[in-house]
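S.K.: My structure is in my_file_34.pdb, and what it holds is PDB, C-alpha atoms and all ligand atoms:
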```pdb
ATOM      1  CA  MET A1483      96.805 109.041 -20.886  1.00  0.00           C
ATOM      2  CA  GLU A1484      98.778 109.785 -17.737  1.00  0.00           C
ATOM      3  CA  ILE A1485     101.024 112.534 -16.482  1.00  0.00           C
ATOM      4  CA  VAL A1486     102.910 112.857 -13.185  1.00  0.00           C
ATOM      5  CA  PHE A1487     103.919 116.125 -11.576  1.00  0.00           C
ATOM      6  CA  GLU A1488     106.321 116.494  -8.705  1.00  0.00           C
ATOM      7  CA  SER A1489     105.335 119.255  -6.312  1.00  0.00           C
ATOM      8  CA  GLU A1490     108.038 120.644  -4.012  1.00  0.00           C
ATOM      9  CA  ASN A1491     105.746 122.528  -1.657  1.00  0.00           C
ATOM     10  CA  ILE A1492     102.132 123.424  -0.951  1.00  0.00           C
ATOM     11  CA  GLU A1493     102.312 126.516  -3.164  1.00  0.00           C
ATOM     12  CA  GLN A1494     103.234 124.399  -6.197  1.00  0.00           C
ATOM     13  CA  THR A1495     100.365 122.029  -5.514  1.00  0.00           C
ATOM     14  CA  GLU A1496      97.948 124.932  -5.352  1.00  0.00           C
ATOM     15  CA  LYS A1497      99.438 126.425  -8.506  1.00  0.00           C
ATOM     16  CA  LEU A1498      98.886 123.149 -10.350  1.00  0.00           C
ATOM     17  CA  GLY A1499      95.269 123.344  -9.169  1.00  0.00           C
ATOM     18  CA  VAL A1500      94.972 126.854 -10.617  1.00  0.00           C
ATOM     19  CA  LEU A1501      96.258 125.648 -14.008  1.00  0.00           C
ATOM     20  CA  VAL A1502      93.779 122.776 -13.991  1.00  0.00           C
ATOM     21  CA  GLY A1503      90.906 124.997 -12.844  1.00  0.00           C
ATOM     22  CA  LYS A1504      91.441 127.262 -15.846  1.00  0.00           C
ATOM     23  CA  LEU A1505      90.918 124.314 -18.184  1.00  0.00           C
ATOM     24  CA  LEU A1506      87.724 122.927 -16.645  1.00  0.00           C
ATOM     25  CA  VAL A1507      84.201 123.276 -17.984  1.00  0.00           C
ATOM     26  CA  LYS A1508      80.739 122.515 -16.667  1.00  0.00           C
ATOM     27  CA  GLY A1509      80.236 118.800 -16.049  1.00  0.00           C
ATOM     28  CA  ASP A1510      83.908 118.026 -15.453  1.00  0.00           C
ATOM     29  CA  PHE A1511      84.615 115.611 -12.615  1.00  0.00           C
ATOM     30  CA  LEU A1512      87.937 115.338 -10.798  1.00  0.00           C
ATOM     31  CA  ALA A1513      88.217 112.199  -8.681  1.00  0.00           C
ATOM     32  CA  LEU A1514      90.977 112.766  -6.119  1.00  0.00           C
ATOM     33  CA  THR A1515      92.716 109.943  -4.258  1.00  0.00           C
ATOM     34  CA  GLY A1516      95.598 109.757  -1.787  1.00  0.00           C
ATOM     35  CA  ASP A1517      96.308 109.602   1.927  1.00  0.00           C
ATOM     36  CA  LEU A1518      95.348 112.026   4.675  1.00  0.00           C
ATOM     37  CA  GLY A1519      97.392 115.191   4.299  1.00  0.00           C
ATOM     38  CA  ALA A1520      98.532 114.337   0.782  1.00  0.00           C
ATOM     39  CA  GLY A1521      97.378 117.692  -0.613  1.00  0.00           C
ATOM     40  CA  LYS A1522      93.921 117.089  -2.080  1.00  0.00           C
ATOM     41  CA  THR A1523      92.361 120.109  -0.386  1.00  0.00           C
ATOM     42  CA  ALA A1524      95.385 122.305  -1.156  1.00  0.00           C
ATOM     43  CA  PHE A1525      94.998 121.388  -4.830  1.00  0.00           C
ATOM     44  CA  THR A1526      91.249 122.085  -4.718  1.00  0.00           C
ATOM     45  CA  LYS A1527      91.883 125.573  -3.332  1.00  0.00           C
ATOM     46  CA  GLY A1528      93.877 126.192  -6.508  1.00  0.00           C
ATOM     47  CA  VAL A1529      91.158 124.755  -8.729  1.00  0.00           C
ATOM     48  CA  ALA A1530      88.668 127.213  -7.204  1.00  0.00           C
ATOM     49  CA  LYS A1531      91.048 130.105  -7.916  1.00  0.00           C
ATOM     50  CA  GLY A1532      91.525 128.878 -11.467  1.00  0.00           C
ATOM     51  CA  LEU A1533      87.760 128.909 -11.932  1.00  0.00           C
ATOM     52  CA  GLY A1534      87.758 132.527 -10.748  1.00  0.00           C
ATOM     53  CA  ILE A1535      86.129 131.828  -7.375  1.00  0.00           C
ATOM     54  CA  ASP A1536      87.179 134.368  -4.727  1.00  0.00           C
ATOM     55  CA  GLU A1537      85.684 132.664  -1.702  1.00  0.00           C
ATOM     56  CA  GLU A1538      88.101 130.692   0.471  1.00  0.00           C
ATOM     57  CA  VAL A1539      87.781 126.927   0.070  1.00  0.00           C
ATOM     58  CA  THR A1540      87.697 124.919   3.292  1.00  0.00           C
ATOM     59  CA  SER A1541      87.653 121.169   3.726  1.00  0.00           C
ATOM     60  CA  PRO A1542      84.148 119.672   3.430  1.00  0.00           C
ATOM     61  CA  THR A1543      85.063 116.888   5.860  1.00  0.00           C
ATOM     62  CA  PHE A1544      81.898 117.310   7.942  1.00  0.00           C
ATOM     63  CA  THR A1545      79.542 118.890   5.418  1.00  0.00           C
ATOM     64  CA  ILE A1546      80.512 116.342   2.703  1.00  0.00           C
ATOM     65  CA  ILE A1547      79.694 118.909  -0.014  1.00  0.00           C
ATOM     66  CA  ASN A1548      80.556 122.607  -0.192  1.00  0.00           C
ATOM     67  CA  GLU A1549      79.317 124.747  -3.076  1.00  0.00           C
ATOM     68  CA  TYR A1550      81.154 127.749  -4.454  1.00  0.00           C
ATOM     69  CA  HIS A1551      79.698 130.215  -6.927  1.00  0.00           C
ATOM     70  CA  GLY A1552      80.872 133.335  -8.671  1.00  0.00           C
ATOM     71  CA  GLY A1553      83.456 131.785 -10.984  1.00  0.00           C
ATOM     72  CA  SER A1554      83.258 130.794 -14.648  1.00  0.00           C
ATOM     73  CA  VAL A1555      81.544 127.607 -13.424  1.00  0.00           C
ATOM     74  CA  SER A1556      80.201 126.734  -9.974  1.00  0.00           C
ATOM     75  CA  LEU A1557      82.281 124.279  -7.973  1.00  0.00           C
ATOM     76  CA  ALA A1558      81.013 121.402  -5.835  1.00  0.00           C
ATOM     77  CA  HIS A1559      83.825 120.302  -3.530  1.00  0.00           C
ATOM     78  CA  MET A1560      83.110 116.934  -1.912  1.00  0.00           C
ATOM     79  CA  ASP A1561      84.934 114.821   0.649  1.00  0.00           C
ATOM     80  CA  VAL A1562      83.414 111.363   0.976  1.00  0.00           C
ATOM     81  CA  TYR A1563      85.880 110.065   3.572  1.00  0.00           C
ATOM     82  CA  ARG A1564      83.205 109.866   6.249  1.00  0.00           C
ATOM     83  CA  LEU A1565      80.442 108.282   4.179  1.00  0.00           C
ATOM     84  CA  LYS A1566      79.359 104.893   5.483  1.00  0.00           C
ATOM     85  CA  ASN A1567      78.096 103.775   2.089  1.00  0.00           C
ATOM     86  CA  PRO A1568      77.985 105.315  -1.373  1.00  0.00           C
ATOM     87  CA  GLU A1569      74.173 105.461  -1.391  1.00  0.00           C
ATOM     88  CA  GLU A1570      74.331 108.272   1.196  1.00  0.00           C
ATOM     89  CA  LEU A1571      75.604 110.526  -1.581  1.00  0.00           C
ATOM     90  CA  GLU A1572      72.258 110.336  -3.302  1.00  0.00           C
ATOM     91  CA  ASN A1573      70.553 111.715  -0.178  1.00  0.00           C
ATOM     92  CA  ILE A1574      72.758 114.789  -0.202  1.00  0.00           C
ATOM     93  CA  GLY A1575      71.989 115.636  -3.780  1.00  0.00           C
ATOM     94  CA  PHE A1576      75.056 114.228  -5.505  1.00  0.00           C
ATOM     95  CA  TYR A1577      73.237 113.628  -8.794  1.00  0.00           C
ATOM     96  CA  ASP A1578      72.020 117.242  -8.928  1.00  0.00           C
ATOM     97  CA  TYR A1579      75.590 118.458  -9.306  1.00  0.00           C
ATOM     98  CA  LEU A1580      76.703 116.326 -12.238  1.00  0.00           C
ATOM     99  CA  GLN A1581      75.428 118.516 -15.077  1.00  0.00           C
ATOM    100  CA  ASP A1582      75.930 122.087 -13.978  1.00  0.00           C
ATOM    101  CA  PHE A1583      78.995 122.130 -11.753  1.00  0.00           C
ATOM    102  CA  VAL A1584      82.624 121.243 -11.806  1.00  0.00           C
ATOM    103  CA  ILE A1585      82.933 118.492  -9.198  1.00  0.00           C
ATOM    104  CA  VAL A1586      86.102 117.861  -7.222  1.00  0.00           C
ATOM    105  CA  MET A1587      85.717 114.823  -4.963  1.00  0.00           C
ATOM    106  CA  GLU A1588      88.277 113.847  -2.315  1.00  0.00           C
ATOM    107  CA  TRP A1589      88.539 110.124  -1.459  1.00  0.00           C
ATOM    108  CA  ALA A1590      86.644 109.290  -4.669  1.00  0.00           C
ATOM    109  CA  ASP A1591      87.933 105.700  -4.621  1.00  0.00           C
ATOM    110  CA  LYS A1592      85.610 105.087  -1.659  1.00  0.00           C
ATOM    111  CA  VAL A1593      82.535 105.500  -3.869  1.00  0.00           C
ATOM    112  CA  LYS A1594      83.998 104.277  -7.137  1.00  0.00           C
ATOM    113  CA  GLU A1595      80.934 102.204  -8.029  1.00  0.00           C
ATOM    114  CA  ILE A1596      78.605 105.207  -8.235  1.00  0.00           C
ATOM    115  CA  LEU A1597      80.925 107.601 -10.083  1.00  0.00           C
ATOM    116  CA  PRO A1598      80.289 108.593 -13.699  1.00  0.00           C
ATOM    117  CA  GLU A1599      82.254 106.388 -16.075  1.00  0.00           C
ATOM    118  CA  ASP A1600      84.367 109.230 -17.402  1.00  0.00           C
ATOM    119  CA  VAL A1601      86.238 111.098 -14.670  1.00  0.00           C
ATOM    120  CA  LEU A1602      89.737 112.542 -14.409  1.00  0.00           C
ATOM    121  CA  TRP A1603      91.574 110.642 -11.668  1.00  0.00           C
ATOM    122  CA  VAL A1604      94.139 112.642  -9.730  1.00  0.00           C
ATOM    123  CA  ASP A1605      96.268 110.711  -7.251  1.00  0.00           C
ATOM    124  CA  PHE A1606      98.403 112.343  -4.554  1.00  0.00           C
ATOM    125  CA  LYS A1607     101.379 110.546  -3.031  1.00  0.00           C
ATOM    126  CA  VAL A1608     103.575 111.828  -0.218  1.00  0.00           C
ATOM    127  CA  SER A1609     107.129 111.507  -1.523  1.00  0.00           C
ATOM    128  CA  GLY A1610     108.929 113.616   1.096  1.00  0.00           C
ATOM    129  CA  GLU A1611     108.143 115.998   3.935  1.00  0.00           C
ATOM    130  CA  SER A1612     107.049 118.688   1.526  1.00  0.00           C
ATOM    131  CA  LYS A1613     107.102 116.698  -1.707  1.00  0.00           C
ATOM    132  CA  ARG A1614     104.119 115.209  -3.451  1.00  0.00           C
ATOM    133  CA  LYS A1615     103.737 113.144  -6.620  1.00  0.00           C
ATOM    134  CA  ILE A1616     100.531 114.095  -8.385  1.00  0.00           C
ATOM    135  CA  LYS A1617      99.358 111.767 -11.123  1.00  0.00           C
ATOM    136  CA  PHE A1618      96.561 112.539 -13.584  1.00  0.00           C
ATOM    137  CA  ALA A1619      94.990 109.571 -15.378  1.00  0.00           C
ATOM    138  CA  SER A1620      92.478 109.971 -18.187  1.00  0.00           C
ATOM    139  CA  LYS A1621      90.579 107.486 -20.319  1.00  0.00           C
ATOM    140  CA  SER A1622      88.783 109.907 -22.624  1.00  0.00           C
ATOM    141  CA  ALA A1623      89.620 112.370 -25.361  1.00  0.00           C
ATOM    142  CA  HIS A1624      88.191 115.221 -23.288  1.00  0.00           C
ATOM    143  CA  TYR A1625      90.422 114.672 -20.255  1.00  0.00           C
ATOM    144  CA  ASP A1626      93.363 113.722 -22.496  1.00  0.00           C
ATOM    145  CA  SER A1627      93.118 117.217 -23.954  1.00  0.00           C
ATOM    146  CA  ILE A1628      93.345 118.725 -20.459  1.00  0.00           C
ATOM    147  CA  ILE A1629      96.463 116.638 -19.803  1.00  0.00           C
ATOM    148  CA  GLU A1630      97.915 117.796 -23.126  1.00  0.00           C
ATOM    149  CA  GLU A1631      97.342 121.421 -22.098  1.00  0.00           C
ATOM    150  CA  LEU A1632      99.010 120.790 -18.733  1.00  0.00           C
ATOM    151  CA  LYS A1633     102.074 119.420 -20.500  1.00  0.00           C
ATOM    152  CA  ASN A1634     102.547 122.803 -22.120  1.00  0.00           C
ATOM    153  CA  CYS A1635     102.475 124.651 -18.799  1.00  0.00           C
ATOM    154  CA  SER A1636     105.773 125.435 -17.140  1.00  0.00           C
ATOM    155  CA  GLY A1637     106.512 126.134 -13.506  1.00  0.00           C
ATOM    156  CA  VAL A1638     105.358 122.855 -12.003  1.00  0.00           C
ATOM    157  CA  GLY A1639     107.634 119.833 -12.014  1.00  0.00           C
ATOM    158  CA  ASN A1640     106.395 117.873 -14.984  1.00  0.00           C
ATOM    159  CA  LYS A1641     108.097 114.464 -14.750  1.00  0.00           C
TER     160      LYS A1641
HETATM  161  N1  LIG A1701     103.937 119.735  -1.762  1.00  0.00           N
HETATM  162  C1  LIG A1701     102.866 119.829  -0.970  1.00  0.00           C
HETATM  163  N2  LIG A1701     101.624 119.925  -1.501  1.00  0.00           N
HETATM  164  C2  LIG A1701     100.525 119.988  -0.723  1.00  0.00           C
HETATM  165  N3  LIG A1701     100.558 119.986   0.621  1.00  0.00           N
HETATM  166  C3  LIG A1701     101.758 119.892   1.213  1.00  0.00           C
HETATM  167  C4  LIG A1701     102.953 119.818   0.452  1.00  0.00           C
HETATM  168  N4  LIG A1701     103.995 119.726   1.322  1.00  0.00           N
HETATM  169  C5  LIG A1701     103.486 119.761   2.538  1.00  0.00           C
HETATM  170  N5  LIG A1701     102.144 119.868   2.505  1.00  0.00           N
HETATM  171  C6  LIG A1701     101.269 119.878   3.686  1.00  0.00           C
HETATM  172  O1  LIG A1701     100.440 118.737   3.603  1.00  0.00           O
HETATM  173  C7  LIG A1701      99.136 119.061   4.057  1.00  0.00           C
HETATM  174  C8  LIG A1701      98.103 118.846   2.955  1.00  0.00           C
HETATM  175  O2  LIG A1701      96.848 119.005   3.513  1.00  0.00           O
HETATM  176  P1  LIG A1701      95.501 118.856   2.717  1.00  0.00           P
HETATM  177  O3  LIG A1701      94.423 119.255   3.658  1.00  0.00           O
HETATM  178  O4  LIG A1701      95.594 119.545   1.405  1.00  0.00           O
HETATM  179  O5  LIG A1701      95.484 117.263   2.490  1.00  0.00           O
HETATM  180  P2  LIG A1701      94.266 116.344   2.046  1.00  0.00           P
HETATM  181  O6  LIG A1701      94.828 115.388   1.037  1.00  0.00           O
HETATM  182  O7  LIG A1701      93.110 117.171   1.640  1.00  0.00           O
HETATM  183  O8  LIG A1701      93.941 115.540   3.384  1.00  0.00           O
HETATM  184  P3  LIG A1701      92.530 114.922   3.885  1.00  0.00           P
HETATM  185  O9  LIG A1701      92.453 113.535   3.306  1.00  0.00           O
HETATM  186  O10 LIG A1701      92.703 114.881   5.375  1.00  0.00           O
HETATM  187  O11 LIG A1701      91.413 115.793   3.435  1.00  0.00           O
HETATM  188  C9  LIG A1701      99.172 120.519   4.533  1.00  0.00           C
HETATM  189  O12 LIG A1701      99.437 120.541   5.908  1.00  0.00           O
HETATM  190  C10 LIG A1701     100.342 121.078   3.743  1.00  0.00           C
HETATM  191  O13 LIG A1701     100.967 122.156   4.394  1.00  0.00           O
HETATM  192 MG    MG A1702      91.163 117.298   2.274  1.00  0.00          MG
END
```
Take the structure in this file and express it as structure tokens.
M.R.:
Amino acid sequence: MEIVFESENIEQTEKLGVLVGKLLVKGDFLALTGDLGAGKTAFTKGVAKGLGIDEEVTSPTFTIINEYHGGSVSLAHMDVYRLKNPEELENIGFYDYLQDFVIVMEWADKVKEILPEDVLWVDFKVSGESKRKIKFASKSAHYDSIIEELKNCSGVGNK
């Protein structure tokens, strides 16, 4: 199942993240794709808020993984842009996060071969100076149900 949202500005992208964050449970994995500056981190800031995390989310470009606690579920925010090969993820404890966290991974297509089979793909496309097309693609009943819930939410451009 797929759904595309059109975001008109950074606030809408973050708001979409909040809506998604509210629907996530332990073990969920969001695999984010899209160019530099497409809005992946902006969206993740919203996800953290939706999970009830107060701490400010910053880009894990250099740390690769940032952990956030204090919400309904802990969040592992990853950015694998700088990884030379997917095996490096193992060294930084990637597999320890799969069960107990919500994982949001930027540039997930770079390590596709080591991702769990069932992830929710979220693709960000720049469609104007402040416009973004955000596409969710699911292949499982669990993530389909999240997409169904999103369809019922108003306030973000559901195309
Ligand atoms: N509709 C929009 N949604 C999100 N960001 C937008 C939007 N319009 C403009 N922007 C701008 O685009 C940039 C998005 O930056 P962000 O760090 O979220 O991108 P990113 O996809 O995480 O990039 P990177 O791959 O470098 O990590 C910000 O400067 C933001 O102000
Ligand atoms: Mg980013």
S.K.: For the PyMOL selection byres (((chain A and resi 1546) around 7) and not hetatm), applied here, can you spell out every residue it catches as a list of chain:residue names?
M.R.: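 Applied to this file, the PyMOL selection byres (((chain A and resi 1546) around 7) and not hetatm) returns A:Pro1542, A:Thr1543, A:Phe1544, A:Thr1545, A:Ile1547, A:Asn1548, A:Met1560, A:Asp1561, A:Val1562.
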S.K.: Could the residues in this selection be saved with C-alpha atoms as a PDB file, in the coordinates of the input?
M.R.:
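Saved file result.pdb follows:
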```
ATOM      1  CA  PRO A1542      84.148 119.672   3.430  1.00  0.00           C
ATOM      2  CA  THR A1543      85.063 116.888   5.860  1.00  0.00           C
ATOM      3  CA  PHE A1544      81.898 117.310   7.942  1.00  0.00           C
ATOM      4  CA  THR A1545      79.542 118.890   5.418  1.00  0.00           C
ATOM      5  CA  ILE A1547      79.694 118.909  -0.014  1.00  0.00           C
ATOM      6  CA  ASN A1548      80.556 122.607  -0.192  1.00  0.00           C
ATOM      7  CA  MET A1560      83.110 116.934  -1.912  1.00  0.00           C
ATOM      8  CA  ASP A1561      84.934 114.821   0.649  1.00  0.00           C
ATOM      9  CA  VAL A1562      83.414 111.363   0.976  1.00  0.00           C
TER      10      VAL A1562
END
```
S.K.: Which residues sit within 6 Å of ligand MG 1702 (chain A), counting only C-alpha atoms and all ligand atoms, listed as a list in words?
M.R.: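 Selection of residues at most 6 Å from ligand MG 1702 (chain A): Lys1522, Thr1523 and Ser1541 of chain A.
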S.K.: How big is the axis-aligned box around the listed atoms of region 1577-1583 of chain A once 4 Å is added on each side, and where is its centre? Give both in Å to one decimal, as JSON.
M.R.:
```
{"center_x": 75.5, "center_y": 117.9, "center_z": -11.9, "size_x": 15.0, "size_y": 16.5, "size_z": 14.3}
```
S.K.: Determine the residue membership of the PyMOL selection byres (((chain A and resi 1501-1512) around 7) and not hetatm) for the file above and supply it as a PDB file with C-alpha atoms, keeping the file's coordinate frame.
M.R.:
```pdb
ATOM      1  CA  LYS A1497      99.438 126.425  -8.506  1.00  0.00           C
ATOM      2  CA  LEU A1498      98.886 123.149 -10.350  1.00  0.00           C
ATOM      3  CA  GLY A1499      95.269 123.344  -9.169  1.00  0.00           C
ATOM      4  CA  VAL A1500      94.972 126.854 -10.617  1.00  0.00           C
ATOM      5  CA  ALA A1513      88.217 112.199  -8.681  1.00  0.00           C
ATOM      6  CA  LEU A1514      90.977 112.766  -6.119  1.00  0.00           C
ATOM      7  CA  VAL A1529      91.158 124.755  -8.729  1.00  0.00           C
ATOM      8  CA  ALA A1530      88.668 127.213  -7.204  1.00  0.00           C
ATOM      9  CA  GLY A1532      91.525 128.878 -11.467  1.00  0.00           C
ATOM     10  CA  LEU A1533      87.760 128.909 -11.932  1.00  0.00           C
ATOM     11  CA  VAL A1555      81.544 127.607 -13.424  1.00  0.00           C
ATOM     12  CA  LEU A1580      76.703 116.326 -12.238  1.00  0.00           C
ATOM     13  CA  GLN A1581      75.428 118.516 -15.077  1.00  0.00           C
ATOM     14  CA  ASP A1582      75.930 122.087 -13.978  1.00  0.00           C
ATOM     15  CA  PHE A1583      78.995 122.130 -11.753  1.00  0.00           C
ATOM     16  CA  VAL A1584      82.624 121.243 -11.806  1.00  0.00           C
ATOM     17  CA  ILE A1585      82.933 118.492  -9.198  1.00  0.00           C
ATOM     18  CA  VAL A1586      86.102 117.861  -7.222  1.00  0.00           C
ATOM     19  CA  MET A1587      85.717 114.823  -4.963  1.00  0.00           C
ATOM     20  CA  VAL A1601      86.238 111.098 -14.670  1.00  0.00           C
ATOM     21  CA  LEU A1602      89.737 112.542 -14.409  1.00  0.00           C
ATOM     22  CA  TRP A1603      91.574 110.642 -11.668  1.00  0.00           C
ATOM     23  CA  VAL A1604      94.139 112.642  -9.730  1.00  0.00           C
ATOM     24  CA  ILE A1628      93.345 118.725 -20.459  1.00  0.00           C
TER      25      ILE A1628
END
```
S.K.: Identify which of the residues A:Ser1612, A:Ser1622, A:Asn1634, A:Ser1554 lies closest to ligand LIG 1701 (chain A), counting only C-alpha atoms and all ligand atoms when measuring atom-to-atom distances.
M.R.: A:Ser1612
S.K.: Using all atoms listed in the file for the distances, tell me which of A:Asp1536, A:Asp1605, A:Glu1599, A:Glu1572 is nearest to ligand LIG 1701 (chain A).
M.R.: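 Distance minimum relative to ligand LIG 1701 (chain A) lands on A:Asp1605.
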S.K.: Need the neighbours of (80.8, 128.3, -4.1): which residues are at most 9 Å away, counting all atoms listed in the file, as a short mmCIF file (atom, residue, chain, number, x, y, z; two decimals) with C-alpha atoms, in the frame of the given file?
M.R.:
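As a result, part-v5.cif now contains:
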```cif
data_model
loop_
_atom_site.label_atom_id
_atom_site.label_comp_id
_atom_site.auth_asym_id
_atom_site.auth_seq_id
_atom_site.Cartn_x
_atom_site.Cartn_y
_atom_site.Cartn_z
CA ALA A 1530 88.67 127.21 -7.20
CA ILE A 1535 86.13 131.83 -7.38
CA ASP A 1536 87.18 134.37 -4.73
CA GLU A 1537 85.68 132.66 -1.70
CA GLU A 1538 88.10 130.69 0.47
CA VAL A 1539 87.78 126.93 0.07
CA ASN A 1548 80.56 122.61 -0.19
CA GLU A 1549 79.32 124.75 -3.08
CA TYR A 1550 81.15 127.75 -4.45
CA HIS A 1551 79.70 130.22 -6.93
CA GLY A 1552 80.87 133.34 -8.67
CA GLY A 1553 83.46 131.78 -10.98
CA SER A 1556 80.20 126.73 -9.97
CA LEU A 1557 82.28 124.28 -7.97
CA ALA A 1558 81.01 121.40 -5.84
CA HIS A 1559 83.82 120.30 -3.53
#
```
S.K.: Tell me which protein, DNA and RNA residues are within 6 Å of Glu1496 (chain A), counting all atoms listed in the file, leaving out same-chain ones fewer than 2 positions away, and put them as number ranges by chain.
M.R.: A: 1493-1494, 1498-1499, 1524-1525, 1528
S.K.: If you keep C-alpha atoms, can you produce a file of those selected residues as a short mmCIF file (atom, residue, chain, number, x, y, z; two decimals), in the coordinates of the input?
M.R.:
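Saved result, again.cif, follows:
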```cif
data_model
loop_
_atom_site.label_atom_id
_atom_site.label_comp_id
_atom_site.auth_asym_id
_atom_site.auth_seq_id
_atom_site.Cartn_x
_atom_site.Cartn_y
_atom_site.Cartn_z
CA GLU A 1493 102.31 126.52 -3.16
CA GLN A 1494 103.23 124.40 -6.20
CA LEU A 1498 98.89 123.15 -10.35
CA GLY A 1499 95.27 123.34 -9.17
CA ALA A 1524 95.38 122.30 -1.16
CA PHE A 1525 95.00 121.39 -4.83
CA GLY A 1528 93.88 126.19 -6.51
#
```
S.K.: Taking all atoms listed in the file into account, report as a list of chain:residue names which residues have an atom no farther than 6 Å from an atom of ligand LIG 1701 (chain A).
M.R.: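 The residues within 6 Å of ligand LIG 1701 (chain A), counting all atoms listed in the file, are A:Ser1489, A:Glu1490, A:Asn1491, A:Ile1492, A:Thr1495, A:Asp1517, A:Leu1518, A:Gly1519, A:Ala1520, A:Gly1521, A:Lys1522, A:Thr1523, A:Ala1524, A:Ser1612, A:Lys1613, A:Arg1614.
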S.K.: Suppose you want the space between CA of Asp1578 (chain A) and CA of Val1593 (chain A); what is it in Å?
M.R.: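 Those two atoms sit 16.6 Å apart.
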S.K.: Between CA of Val1608 (chain A) and CA of Thr1515 (chain A), what is the distance, to one decimal in Å?
M.R.: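 Pair CA of Val1608 (chain A) / CA of Thr1515 (chain A) returns 11.7 Å.
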S.K.: Which residue gives the smallest distance to Leu1597 (chain A) among A:Gly1610, A:Glu1631, A:Ile1616, A:Phe1576, with all atoms listed in the file counted?
M.R.: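 Closest candidate: A:Phe1576.
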S.K.: Quote the spacing between CA of Ala1590 (chain A) and CA of Asn1573 (chain A) in Å to one decimal place.
M.R.: 16.9 Å
S.K.: For Trp1589 (chain A), which residue among A:Phe1618, A:Glu1569, A:Gly1516, A:Ile1574 is the nearest when counting all atoms listed in the file?
M.R.: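 Once distances to Trp1589 (chain A) are computed over all atoms listed in the file, the minimum belongs to A:Gly1516.
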S.K.: Just the residues within 8 Å of Lys1617 (chain A), please, counting only C-alpha atoms, with nothing from its chain fewer than 2 positions along; format it as a PyMOL selection string.
M.R.: chain A and resi 1484-1487+1603-1606+1615+1619
S.K.: Nearest to Glu1588 (chain A) among A:Leu1565, A:Glu1488, A:Gly1575, A:Glu1611, with distances taken over only C-alpha atoms: which residue is it?
M.R.: A:Leu1565
S.K.: Provide region 1499-1503 of chain A rebuilt to all heavy atoms, formatted as a PDB file, in the coordinates of the input.
M.R.:
```
ATOM      1  N   GLY A1499      96.730 123.269  -9.231  1.00  0.00           N
ATOM      2  CA  GLY A1499      95.269 123.344  -9.169  1.00  0.00           C
ATOM      3  C   GLY A1499      94.732 124.529  -9.970  1.00  0.00           C
ATOM      4  O   GLY A1499      93.725 124.406 -10.676  1.00  0.00           O
ATOM      5  N   VAL A1500      95.408 125.661  -9.868  1.00  0.00           N
ATOM      6  CA  VAL A1500      94.972 126.854 -10.617  1.00  0.00           C
ATOM      7  C   VAL A1500      95.010 126.565 -12.124  1.00  0.00           C
ATOM      8  O   VAL A1500      94.054 126.845 -12.852  1.00  0.00           O
ATOM      9  CB  VAL A1500      95.858 128.086 -10.282  1.00  0.00           C
ATOM     10  CG1 VAL A1500      95.488 129.263 -11.177  1.00  0.00           C
ATOM     11  CG2 VAL A1500      95.719 128.476  -8.817  1.00  0.00           C
ATOM     12  N   LEU A1501      96.116 125.969 -12.571  1.00  0.00           N
ATOM     13  CA  LEU A1501      96.258 125.648 -14.008  1.00  0.00           C
ATOM     14  C   LEU A1501      95.131 124.728 -14.455  1.00  0.00           C
ATOM     15  O   LEU A1501      94.527 124.928 -15.516  1.00  0.00           O
ATOM     16  CB  LEU A1501      97.608 124.972 -14.272  1.00  0.00           C
ATOM     17  CG  LEU A1501      98.863 125.818 -14.058  1.00  0.00           C
ATOM     18  CD1 LEU A1501     100.110 124.958 -14.220  1.00  0.00           C
ATOM     19  CD2 LEU A1501      98.891 126.988 -15.030  1.00  0.00           C
ATOM     20  N   VAL A1502      94.846 123.722 -13.642  1.00  0.00           N
ATOM     21  CA  VAL A1502      93.779 122.776 -13.991  1.00  0.00           C
ATOM     22  C   VAL A1502      92.430 123.490 -13.992  1.00  0.00           C
ATOM     23  O   VAL A1502      91.627 123.344 -14.920  1.00  0.00           O
ATOM     24  CB  VAL A1502      93.767 121.574 -13.008  1.00  0.00           C
ATOM     25  CG1 VAL A1502      92.555 120.688 -13.244  1.00  0.00           C
ATOM     26  CG2 VAL A1502      95.048 120.767 -13.150  1.00  0.00           C
ATOM     27  N   GLY A1503      92.190 124.285 -12.968  1.00  0.00           N
ATOM     28  CA  GLY A1503      90.906 124.997 -12.844  1.00  0.00           C
ATOM     29  C   GLY A1503      90.602 125.827 -14.085  1.00  0.00           C
ATOM     30  O   GLY A1503      89.457 125.902 -14.535  1.00  0.00           O
TER      31      GLY A1503
END
```
